[in-house]
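Text of coords_31.cif, listed as mmCIF, C-alpha atoms (C1' of nucleotides):
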data_model
#
loop_
_atom_site.label_atom_id
_atom_site.label_comp_id
_atom_site.auth_asym_id
_atom_site.auth_seq_id
_atom_site.Cartn_x
_atom_site.Cartn_y
_atom_site.Cartn_z
CA MET A 1 0.00 0.00 0.00
CA ASP A 2 1.10 3.52 -0.77
CA ILE A 3 -0.04 6.99 0.20
CA GLU A 4 -1.50 9.37 -2.31
CA ARG A 5 1.19 12.08 -2.10
CA ARG A 6 -0.97 15.09 -2.91
CA SER A 7 2.03 17.24 -1.94
CA GLY A 8 5.44 16.88 -0.29
CA CYS A 9 4.45 18.92 2.75
CA PRO A 10 5.25 17.12 6.02
CA ILE A 11 1.88 18.07 7.52
CA ASN A 12 0.03 16.85 4.47
CA LEU A 13 1.97 13.59 4.24
CA THR A 14 1.43 12.88 7.93
CA MET A 15 -2.29 13.49 7.48
CA GLU A 16 -2.31 11.15 4.51
CA VAL A 17 -0.82 8.46 6.73
CA LEU A 18 -2.66 9.11 10.00
CA GLY A 19 -5.46 11.48 9.03
CA ASP A 20 -8.44 9.22 9.38
CA ARG A 21 -10.69 8.36 12.25
CA TRP A 22 -9.10 5.05 13.20
CA SER A 23 -5.37 4.69 12.41
CA LEU A 24 -4.09 6.67 15.38
CA ILE A 25 -6.69 5.05 17.66
CA VAL A 26 -5.28 1.64 16.76
CA ILE A 27 -1.72 2.81 17.39
CA ARG A 28 -2.80 4.37 20.69
CA ASP A 29 -4.32 1.07 21.87
CA ILE A 30 -1.22 -0.90 20.92
CA MET A 31 1.04 1.71 22.52
CA PHE A 32 -0.81 2.59 25.74
CA GLY A 33 -3.08 -0.43 26.17
CA ASN A 34 -0.47 -2.96 25.03
CA ARG A 35 -3.16 -4.65 22.94
CA ARG A 36 -1.11 -6.94 20.77
CA HIS A 37 -3.75 -9.27 19.27
CA PHE A 38 -6.67 -8.70 16.94
CA ARG A 39 -9.29 -9.71 19.53
CA GLU A 40 -7.82 -7.44 22.20
CA LEU A 41 -7.92 -4.49 19.84
CA LEU A 42 -11.44 -5.38 18.75
CA ASN A 43 -13.16 -6.19 22.07
CA ARG A 44 -11.38 -3.87 24.45
CA SER A 45 -11.73 -0.82 22.23
CA GLU A 46 -13.25 2.22 23.95
CA GLU A 47 -14.64 3.45 20.65
CA GLY A 48 -16.03 0.15 19.35
CA ILE A 49 -14.11 -0.36 16.12
CA ALA A 50 -15.70 -2.77 13.62
CA SER A 51 -13.76 -5.90 12.72
CA ASN A 52 -13.51 -5.10 9.02
CA ILE A 53 -12.20 -1.61 9.73
CA LEU A 54 -9.69 -2.96 12.24
CA ALA A 55 -8.49 -5.61 9.79
CA ALA A 56 -8.12 -3.01 7.03
CA ARG A 57 -6.26 -0.57 9.28
CA LEU A 58 -3.87 -3.22 10.62
CA LYS A 59 -3.07 -4.32 7.08
CA ARG A 60 -2.52 -0.73 5.99
CA LEU A 61 -0.33 0.15 8.98
CA VAL A 62 1.80 -2.94 8.38
CA SER A 63 2.27 -2.00 4.73
CA LEU A 64 3.16 1.56 5.70
CA GLY A 65 5.81 0.26 8.09
CA LEU A 66 4.24 1.54 11.30
CA ILE A 67 3.49 -1.85 12.81
CA THR A 68 4.72 -5.39 12.27
CA ARG A 69 2.75 -8.61 12.25
CA LEU A 70 4.39 -11.64 13.83
CA ASP A 71 3.05 -15.18 14.27
CA ASP A 72 2.37 -15.97 17.91
CA PRO A 73 4.27 -19.16 18.82
CA THR A 74 1.60 -20.17 21.37
CA HIS A 75 -1.23 -20.32 18.85
CA SER A 76 -0.83 -20.96 15.15
CA GLN A 77 -3.64 -18.58 14.26
CA LYS A 78 -2.70 -15.75 16.57
CA ALA A 79 -0.74 -12.76 15.37
CA ILE A 80 1.25 -10.31 17.48
CA TYR A 81 1.13 -6.70 16.34
CA SER A 82 4.08 -4.56 17.37
CA LEU A 83 5.14 -0.97 16.88
CA THR A 84 8.08 -0.13 14.65
CA GLU A 85 10.61 2.62 15.35
CA PRO A 86 8.69 5.22 13.29
CA ALA A 87 5.53 4.48 15.27
CA ILE A 88 7.43 4.68 18.56
CA GLN A 89 8.66 8.10 17.50
CA LEU A 90 5.02 9.21 17.40
CA VAL A 91 5.13 9.46 21.22
CA PRO A 92 5.85 13.22 21.30
CA MET A 93 3.15 13.84 18.70
CA ILE A 94 0.59 11.76 20.57
CA ALA A 95 1.51 13.49 23.84
CA THR A 96 1.01 16.90 22.20
CA ILE A 97 -2.27 15.83 20.62
CA GLY A 98 -3.46 14.54 23.99
CA ALA A 99 -2.46 17.77 25.72
CA TRP A 100 -4.42 19.85 23.21
CA GLY A 101 -7.49 17.62 23.40
CA ARG A 102 -7.46 17.67 27.17
CA ARG A 103 -7.39 21.45 27.18
CA HIS A 104 -9.96 22.16 24.48
CA LEU A 105 -12.36 19.25 24.19
CA PRO A 106 -14.89 17.57 26.52
CA VAL A 107 -12.63 14.77 27.72
CA SER A 108 -13.53 12.38 30.53
CA GLU A 109 -11.49 12.38 33.72
CA ASP A 110 -10.32 8.77 33.62
CA LEU A 111 -9.33 8.68 29.97
CA SER A 112 -7.37 11.92 30.20
CA ILE A 113 -5.19 11.24 33.25
CA ARG A 114 -2.55 9.56 31.09
CA ALA A 115 -2.46 12.56 28.75
CA GLU A 116 -2.01 14.80 31.78
CA LEU A 117 0.88 12.77 33.17
CA LEU A 118 2.49 12.51 29.76
CA GLU A 119 2.33 16.28 29.34
CA LYS A 120 3.70 16.93 32.82
CA GLY A 121 6.52 14.41 32.31
CA GLY A 122 7.65 16.21 29.18
CA PRO A 123 10.38 15.09 26.76
CA VAL A 124 12.33 13.33 29.51
CA LEU A 125 9.43 11.01 30.28
CA TRP A 126 8.70 10.55 26.57
CA GLU A 127 12.25 9.31 25.99
CA ASP A 128 11.94 6.83 28.85
CA PHE A 129 8.65 5.61 27.48
CA MET A 130 10.05 5.28 23.97
CA ASN A 131 12.91 3.19 25.29
CA ASP A 132 10.43 0.95 27.13
CA LEU A 133 8.44 0.59 23.92
CA ARG A 134 11.58 -0.40 22.01
CA ASN A 135 12.09 -3.21 24.53
CA MET A 136 8.49 -4.43 24.30
CA HIS A 137 7.96 -4.07 20.56
CA ILE A 138 11.30 -4.30 18.78
CA ALA A 139 13.82 -6.07 21.04
CA ASP A 140 11.35 -8.67 22.39
CA PRO A 141 7.89 -8.42 20.83
CA ILE A 142 6.86 -11.85 22.14
CA GLY A 143 7.92 -11.04 25.69
CA GLY A 144 6.25 -7.65 25.36
CA ALA A 145 3.01 -9.27 24.26
CA ASN A 146 2.90 -12.00 26.92
CA GLY A 147 3.82 -9.73 29.79
CA SER A 148 7.32 -11.00 30.55
CA VAL A 149 8.78 -7.68 29.37
CA THR A 150 7.06 -4.65 30.87
CA SER A 151 7.37 -0.88 30.87
CA PRO A 152 7.78 1.06 34.12
CA VAL A 153 6.37 4.19 32.50
CA LEU A 154 3.35 2.34 31.13
CA THR A 155 2.76 0.69 34.51
CA ASP A 156 2.66 4.12 36.16
CA LEU A 157 0.30 5.50 33.53
CA THR A 158 -1.99 2.49 33.74
CA ASN A 159 -2.09 2.54 37.54
CA ALA A 160 -2.96 6.24 37.53
CA PHE A 161 -5.76 5.51 35.06
CA LEU A 162 -7.12 2.64 37.15
CA ASP A 163 -6.95 4.77 40.31
CA VAL A 164 -8.99 7.56 38.74
CA ARG A 165 -11.47 5.09 37.30
CA ALA A 166 -11.91 3.43 40.72
CA LYS A 167 -12.39 6.83 42.33
CA MET A 168 -15.06 7.69 39.76
CA LYS A 169 -16.85 4.38 40.40
CA ARG A 170 -16.96 5.09 44.14
CA ARG A 171 -18.48 8.53 43.52
CA GLU A 172 -21.32 7.18 41.40
CA MET B 7 -22.16 21.21 14.38
CA ASP B 8 -21.04 18.74 16.99
CA ILE B 9 -18.54 15.94 17.19
CA GLU B 10 -19.59 12.35 17.59
CA ARG B 11 -17.99 11.68 20.98
CA ARG B 12 -17.28 7.98 20.57
CA SER B 13 -15.26 8.23 23.79
CA GLY B 14 -13.89 10.88 26.15
CA CYS B 15 -10.27 10.07 25.31
CA PRO B 16 -8.30 13.21 24.37
CA ILE B 17 -6.62 11.45 21.43
CA ASN B 18 -9.96 10.21 20.14
CA LEU B 19 -11.68 13.57 20.52
CA THR B 20 -8.85 15.37 18.77
CA MET B 21 -9.06 12.88 15.92
CA GLU B 22 -12.82 13.43 15.73
CA VAL B 23 -12.16 17.14 15.31
CA LEU B 24 -9.05 17.09 13.09
CA GLY B 25 -8.84 13.47 11.94
CA ASP B 26 -9.72 13.87 8.31
CA ARG B 27 -7.73 14.62 5.22
CA TRP B 28 -8.50 18.32 4.96
CA SER B 29 -9.23 20.11 8.26
CA LEU B 30 -5.63 20.45 9.39
CA ILE B 31 -4.54 21.36 5.85
CA VAL B 32 -6.95 24.29 5.88
CA ILE B 33 -5.72 25.41 9.29
CA ARG B 34 -2.12 25.05 8.10
CA ASP B 35 -2.78 27.32 5.10
CA ILE B 36 -4.47 29.96 7.23
CA MET B 37 -1.70 29.75 9.84
CA PHE B 38 1.46 29.49 7.74
CA GLY B 39 0.27 30.86 4.41
CA ASN B 40 -1.88 33.62 5.90
CA ARG B 41 -4.62 32.70 3.43
CA ARG B 42 -7.57 34.54 4.84
CA HIS B 43 -10.13 34.39 1.99
CA PHE B 44 -11.96 31.55 0.33
CA ARG B 45 -10.29 32.13 -3.06
CA GLU B 46 -6.81 32.21 -1.57
CA LEU B 47 -7.42 28.94 0.22
CA LEU B 48 -8.91 27.41 -2.91
CA ASN B 49 -6.51 28.56 -5.63
CA ARG B 50 -3.21 28.64 -3.77
CA SER B 51 -3.64 25.24 -2.19
CA GLU B 52 -0.70 22.87 -2.71
CA GLU B 53 -3.01 19.89 -2.54
CA GLY B 54 -5.82 21.18 -4.74
CA ILE B 55 -8.80 21.16 -2.43
CA ALA B 56 -12.22 21.17 -4.13
CA SER B 57 -14.49 24.16 -3.51
CA ASN B 58 -17.30 22.14 -1.94
CA ILE B 59 -14.91 20.42 0.47
CA LEU B 60 -13.31 23.75 1.39
CA ALA B 61 -16.72 25.34 2.01
CA ALA B 62 -17.81 22.40 4.16
CA ARG B 63 -14.58 22.40 6.17
CA LEU B 64 -14.66 26.15 6.78
CA LYS B 65 -18.24 25.91 7.98
CA ARG B 66 -17.39 23.00 10.24
CA LEU B 67 -14.29 24.66 11.70
CA VAL B 68 -16.27 27.82 12.42
CA SER B 69 -18.96 25.85 14.22
CA LEU B 70 -16.32 23.94 16.20
CA GLY B 71 -14.80 27.24 17.32
CA LEU B 72 -11.43 26.82 15.61
CA ILE B 73 -11.82 29.66 13.14
CA THR B 74 -14.01 32.75 12.87
CA ARG B 75 -15.67 34.24 9.81
CA LEU B 76 -15.75 38.00 9.55
CA ASP B 77 -17.17 40.21 6.79
CA ASP B 78 -14.43 41.96 4.86
CA PRO B 79 -15.14 45.72 4.92
CA THR B 80 -13.53 46.21 1.48
CA HIS B 81 -15.91 43.87 -0.33
CA SER B 82 -19.40 43.00 0.81
CA GLN B 83 -19.11 39.44 -0.41
CA LYS B 84 -15.66 38.72 0.90
CA ALA B 85 -15.14 36.94 4.19
CA ILE B 86 -12.04 36.93 6.35
CA TYR B 87 -11.25 33.66 8.09
CA SER B 88 -9.18 33.90 11.26
CA LEU B 89 -7.79 31.49 13.82
CA THR B 90 -9.24 31.38 17.32
CA GLU B 91 -7.17 30.83 20.46
CA PRO B 92 -7.74 27.04 20.46
CA ALA B 93 -6.49 26.86 16.86
CA ILE B 94 -3.46 29.02 17.69
CA GLN B 95 -2.66 26.57 20.48
CA LEU B 96 -2.32 23.89 17.81
CA VAL B 97 1.12 25.31 16.97
CA PRO B 98 3.08 22.84 19.14
CA MET B 99 1.02 19.95 17.75
CA ILE B 100 1.54 21.04 14.15
CA ALA B 101 5.26 21.54 14.80
CA THR B 102 5.49 18.01 16.22
CA ILE B 103 3.48 16.54 13.35
CA GLY B 104 5.73 18.34 10.87
CA ALA B 105 8.85 17.08 12.61
CA TRP B 106 7.64 13.49 12.45
CA GLY B 107 6.59 13.75 8.82
CA ARG B 108 9.88 15.30 7.85
CA ARG B 109 11.78 12.45 9.47
CA HIS B 110 9.71 9.53 8.25
CA LEU B 111 7.92 10.45 5.04
CA PRO B 112 9.03 11.43 1.52
CA VAL B 113 8.76 15.19 1.99
CA SER B 114 10.02 17.74 -0.54
CA GLU B 115 12.85 20.07 0.37
CA ASP B 116 11.02 23.37 -0.07
CA LEU B 117 7.84 22.40 1.72
CA SER B 118 9.72 20.99 4.71
CA ILE B 119 12.08 23.84 5.50
CA ARG B 120 9.47 25.53 7.67
CA ALA B 121 8.93 22.34 9.63
CA GLU B 122 12.69 22.09 10.14
CA LEU B 123 12.99 25.67 11.43
CA LEU B 124 9.95 25.23 13.63
CA GLU B 125 11.43 22.09 15.16
CA LYS B 126 14.83 23.72 15.69
CA GLY B 127 13.26 26.83 17.23
CA GLY B 128 11.45 24.71 19.82
CA PRO B 129 8.88 25.92 22.37
CA VAL B 130 10.48 29.37 22.60
CA LEU B 131 9.91 30.04 18.89
CA TRP B 132 6.43 28.49 19.07
CA GLU B 133 5.43 30.94 21.79
CA ASP B 134 6.69 33.87 19.72
CA PHE B 135 4.78 32.60 16.72
CA MET B 136 1.60 32.10 18.75
CA ASN B 137 1.82 35.67 20.02
CA ASP B 138 2.23 36.90 16.44
CA LEU B 139 -0.81 34.86 15.42
CA ARG B 140 -2.84 36.39 18.25
CA ASN B 141 -2.03 39.82 16.84
CA MET B 142 -2.95 38.87 13.27
CA HIS B 143 -6.05 36.78 13.98
CA ILE B 144 -7.59 37.87 17.27
CA ALA B 145 -6.43 41.42 18.10
CA ASP B 146 -6.62 42.74 14.51
CA PRO B 147 -7.96 40.18 12.03
CA ILE B 148 -8.56 42.82 9.34
CA GLY B 149 -5.04 44.21 9.65
CA GLY B 150 -3.70 40.66 9.69
CA ALA B 151 -5.58 39.85 6.50
CA ASN B 152 -4.62 42.97 4.54
CA GLY B 153 -0.96 42.90 5.53
CA SER B 154 -0.79 45.91 7.81
CA VAL B 155 -0.15 43.61 10.80
CA THR B 156 2.60 41.05 10.17
CA SER B 157 4.47 38.32 12.00
CA PRO B 158 8.27 38.41 12.29
CA VAL B 159 8.35 34.65 12.81
CA LEU B 160 6.16 34.00 9.79
CA THR B 161 8.26 36.36 7.67
CA ASP B 162 11.37 34.38 8.56
CA LEU B 163 9.68 31.07 7.79
CA THR B 164 8.30 32.34 4.51
CA ASN B 165 11.62 33.82 3.40
CA ALA B 166 13.41 30.56 4.18
CA PHE B 167 10.81 28.70 2.13
CA LEU B 168 11.17 31.10 -0.82
CA ASP B 169 14.97 30.85 -0.65
CA VAL B 170 14.90 27.07 -0.82
CA ARG B 171 12.36 27.14 -3.61
CA ALA B 172 14.49 29.61 -5.59
CA LYS B 173 17.56 27.44 -5.02
CA MET B 174 15.66 24.40 -6.31
CA LYS B 175 14.54 26.30 -9.40
CA ARG B 176 18.14 27.30 -10.19
CA ARG B 177 19.24 23.65 -9.91
CA GLU B 178 16.63 22.40 -12.38
"C1'" DC C 5 -23.13 47.60 -19.15
"C1'" DC C 6 -20.52 43.75 -19.18
"C1'" DA C 7 -16.59 40.94 -17.92
"C1'" DC C 8 -14.69 39.27 -14.02
"C1'" DC C 9 -14.53 38.37 -9.04
"C1'" DT C 10 -16.73 36.51 -4.71
"C1'" DA C 11 -18.29 32.57 -1.95
"C1'" DA C 12 -20.19 29.15 -2.31
"C1'" DT C 13 -24.07 25.17 -4.03
"C1'" DT C 14 -25.65 21.34 -6.94
"C1'" DG C 15 -25.55 16.94 -9.36
"C1'" DC C 16 -23.53 12.77 -9.73
"C1'" DA C 17 -20.27 8.92 -9.66
"C1'" DA C 18 -16.91 6.60 -6.87
"C1'" DT C 19 -15.17 5.49 -2.60
"C1'" DT C 20 -15.31 4.66 2.31
"C1'" DT C 21 -17.66 3.46 6.48
"C1'" DG C 22 -20.25 0.80 9.67
"C1'" DC C 23 -23.00 -2.96 11.04
"C1'" DA C 24 -24.15 -7.79 11.23
"C1'" DA C 25 -23.49 -12.15 9.82
"C1'" DC C 26 -20.45 -15.54 8.43
"C1'" DT C 27 -16.01 -18.33 7.45
"C1'" DA C 28 -12.26 -21.28 8.20
"C1'" DG C 29 -9.45 -23.03 11.09
"C1'" DT C 30 -7.29 -23.98 16.28
"C1'" DT C 31 -7.25 -25.03 21.01
"C1'" DG C 32 -8.54 -26.68 25.51
"C1'" DC C 33 -11.14 -29.66 28.26
"C1'" DG C 34 -13.82 -33.66 29.60
"C1'" DC D 22 -12.53 -38.42 20.51
"C1'" DG D 23 -15.99 -34.57 20.46
"C1'" DC D 24 -17.48 -30.17 21.08
"C1'" DA D 25 -17.62 -25.47 22.79
"C1'" DA D 26 -15.04 -21.54 22.73
"C1'" DC D 27 -11.52 -18.91 20.61
"C1'" DT D 28 -8.59 -17.17 16.63
"C1'" DA D 29 -8.23 -13.70 12.77
"C1'" DG D 30 -10.32 -12.23 9.84
"C1'" DT D 31 -14.05 -11.86 5.21
"C1'" DT D 32 -18.46 -10.87 3.01
"C1'" DG D 33 -22.71 -8.46 1.86
"C1'" DC D 34 -25.09 -4.46 1.90
"C1'" DA D 35 -26.97 0.12 3.14
"C1'" DA D 36 -25.60 4.74 4.34
"C1'" DA D 37 -22.54 8.42 4.44
"C1'" DT D 38 -18.67 10.91 2.57
"C1'" DT D 39 -15.62 12.51 -1.01
"C1'" DG D 40 -14.16 14.55 -5.25
"C1'" DC D 41 -14.88 16.57 -9.64
"C1'" DA D 42 -17.17 19.64 -12.84
"C1'" DA D 43 -20.60 22.70 -13.70
"C1'" DT D 44 -23.48 26.17 -12.04
"C1'" DT D 45 -25.48 29.92 -9.09
"C1'" DA D 46 -26.36 34.36 -7.14
"C1'" DG D 47 -24.79 38.35 -6.30
"C1'" DG D 48 -20.86 42.39 -6.21
"C1'" DT D 49 -17.22 45.27 -8.25
"C1'" DG D 50 -14.60 47.97 -11.52
"C1'" DG D 51 -13.53 50.00 -15.90
#
Step by step, read the file and then write its structure as structure tokens.
Amino acid sequence: MDIERRSGCPINLTMEVLGDRWSLIVIRDIMFGNRRHFRELLNRSEEGIASNILAARLKRLVSLGLITRLDDPTHSQKAIYSLTEPAIQLVPMIATIGAWGRRHLPVSEDLSIRAELLEKGGPVLWEDFMNDLRNMHIADPIGGANGSVTSPVLTDLTNAFLDVRAKMKRRE
Amino acid sequence: MDIERRSGCPINLTMEVLGDRWSLIVIRDIMFGNRRHFRELLNRSEEGIASNILAARLKRLVSLGLITRLDDPTHSQKAIYSLTEPAIQLVPMIATIGAWGRRHLPVSEDLSIRAELLEKGGPVLWEDFMNDLRNMHIADPIGGANGSVTSPVLTDLTNAFLDVRAKMKRRE
DNA sequence: CCACCTAATTGCAATTTGCAACTAGTTGCG
DNA sequence: CGCAACTAGTTGCAAATTGCAATTAGGTGG
């Protein structure tokens, strides 16, 4: 698969790659939710992606070099989706997007705590996170998928999210 | 107009607002090209936007509060489109998007020089640019549109772009 | 007064999206 | 073995969106 290349502008080309309603959502779930299998991405999606759309986006992202597809040794039909280096380098962009959305759009408290921490952590935290992601997606994608390789940064973000969600539940 | 609100995640909401092929392109042209009228946006577009798409996007961006539409006093049919504060705060996001695109996609030399300077300038330059944009779009949108209020940062970016483009022409 | 400029709108074909059902095969458990 | 549940998708179809070309309705300037 190839992009259209309406112009050589970096903004335009990035929008041609990621400028649809689902591509960045899929990358976000792989990156922050560590969803590494089709079913995880499908069933645990906040936004309720349809299976055909998910399949099409995964295929497209693989062909664009943003994710890789690897056979899961524990199940001959299972595939492990992992981020590539270009996708990992989206961390600063995703952090900036999250910071803008949190400030200007009607976000919910639980789903925006990670964006808040990511913004507060700044480039130093982003670099740590990117190094964690390299370990879980490039150095050892199988270990990253089955939980034997973890990310300290992601653990902190996830715990903060679960804390806020629990707090919200108690308030109900 | 309202967004769909599939979920309260900041990434998702931002993609619901800007996650299509044209919205950010239009904002980019207003912001970096200072295209403030319909015809300028239509005819001087690198990517060749169609008039119906441009009209629909302008209407949508106005209703989402990212741009304003003001009657041009020099021509009763002309409208001046200006950025609002939320759109001006997209500068860091656009800079980060441009930096990623420049690094990972087949950009052209002329159209990526601004992204390079914006990345090199960092948050300090972004703040200067945002203050310039406030002068040209919020404090005095008419002056900003007719050229009597200008932006030093934008002048530098534009000159660098024209230099590179001239250099490329000479090499042909 | 007429050509050109202004911001769109309209008609229509092609593409994309979204939903629901379905496929084809694998695995775990009794 | 036998069967339910799980795996990654595919298929069919209606609805919405996009993109192109032509057109509209009025305004301006010589």
Q: Name the residues in contact with DT20 of chain C at a cut-off of 9 Å, using only C-alpha atoms (C1' of nucleotides), excluding same-chain residues fewer than 3 positions from it; report them as a list in words.
A: DA37, DT38 and DT39 of chain D
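Here the PyMOL selection byres ((chain C and resi 10-17) around 7) matches the residues Phe44, Ala61, Gln83 and Lys84 of chain B; DC9 and DA18 of chain C.
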Q: Determine the nearest neighbour of Arg6 of chain A from the options B:Ser69, B:Ser114, B:Ser82, B:Asn165, counting all atoms listed in the file.
A: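 Of the candidates, the smallest distance to Arg6 of chain A is held by B:Ser114.
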Please, which residues of chain B lie no more than 12 Å from chain D when the count uses all atoms listed in the file, and can they be set out as a short mmCIF file (atom, residue, chain, number, x, y, z; two decimals) with C-alpha atoms, in the coordinates of the input?
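Listing of iface19.cif after writing:
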data_model
loop_
_atom_site.label_atom_id
_atom_site.label_comp_id
_atom_site.auth_asym_id
_atom_site.auth_seq_id
_atom_site.Cartn_x
_atom_site.Cartn_y
_atom_site.Cartn_z
CA ASP B 26 -9.72 13.87 8.31
CA ARG B 27 -7.73 14.62 5.22
CA TRP B 28 -8.50 18.32 4.96
CA GLY B 54 -5.82 21.18 -4.74
CA ILE B 55 -8.80 21.16 -2.43
CA ALA B 56 -12.22 21.17 -4.13
CA SER B 57 -14.49 24.16 -3.51
CA ASN B 58 -17.30 22.14 -1.94
CA ILE B 59 -14.91 20.42 0.47
CA LEU B 60 -13.31 23.75 1.39
CA ALA B 62 -17.81 22.40 4.16
CA THR B 80 -13.53 46.21 1.48
CA HIS B 81 -15.91 43.87 -0.33
CA SER B 82 -19.40 43.00 0.81
CA GLN B 83 -19.11 39.44 -0.41
CA LYS B 84 -15.66 38.72 0.90
#
Q: May I ask which of the residues B:Ser88, B:Asn141, B:Ser13, B:Ser51 is the closest one to chain A, counting all atoms listed in the file?
A: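 Once distances to chain A are computed over all atoms listed in the file, the minimum belongs to B:Ser13.
Counting only C-alpha atoms and comparing B:Thr74, B:Ser29, B:Thr161, B:Thr102, the residue that lies closest to chain A is B:Thr102.
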Q.
Could you list, as a PyMOL selection string, every residue matched by the PyMOL selection byres ((chain A) within 8 of (chain B)) in this structure?
A. chain A and resi 6-16+18-21+24-25+46-47+86+89-90+92-94+96-102+104-108+111-112+115
Q.
Please compute the atom CA of Asp134 of chain B-atom CA of Pro123 of chain A distance, one decimal, in Å.
A.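 Between atom CA of Asp134 of chain B and atom CA of Pro123 of chain A the gap is 20.4 Å.
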Q: For atom CA of Arg44 of chain A and atom CA of Gly143 of chain A, determine how far apart the two atoms are, in Å to one decimal place.
A: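 Rounded to one decimal, the two atoms are 20.6 Å apart.
Pairwise distance (atom CA of Ile67 of chain A, atom CA of Ile30 of chain A) equals 9.4 Å.
Residue membership of the PyMOL selection byres ((chain A and resi 153) around 12) in the shown file amounts to Met31, Phe32, Arg114, Leu117, Leu118, Gly121, Val124, Leu125, Trp126, Glu127, Asp128, Phe129, Met130, Asn131, Asp132, Leu133, Thr150, Ser151, Pro152, Leu154, Thr155, Asp156, Leu157, Thr158, Asn159 and Ala160 of chain A.
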Counting all atoms listed in the file, what are the residues of chain C within 10 Å of chain A, and for each of them which pair of atoms is the nearest and at what distance in Å, to one decimal? Sort the table by chain and rising number, as CSV.
residue,atom,partner,partner_atom,distance
C:DT21,C1',A:Ile53,CA,8.1
C:DG22,C1',A:Ala50,CA,7.0
C:DC23,C1',A:Ala50,CA,7.7
C:DG29,C1',A:Gln77,CA,8.0
C:DT30,C1',A:Gln77,CA,6.8
C:DT31,C1',A:His75,CA,7.9
Q. Hey, which of B:Arg140, B:Gly71, B:Ala151, B:Asn49 ends up closest to Ile86 of chain B? Count only C-alpha atoms.
A.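 Result for the nearest residue to Ile86 of chain B: B:Ala151.
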With all atoms of segment 22-39 of chain D from the file as input, state the centre and edge lengths in Å to one decimal of the axis-aligned box that has 8 Å extra on each side, as AutoDock Vina command-line options.
--center_x -17.6 --center_y -13.0 --center_z 10.9 --size_x 34.7 --size_y 66.9 --size_z 39.8
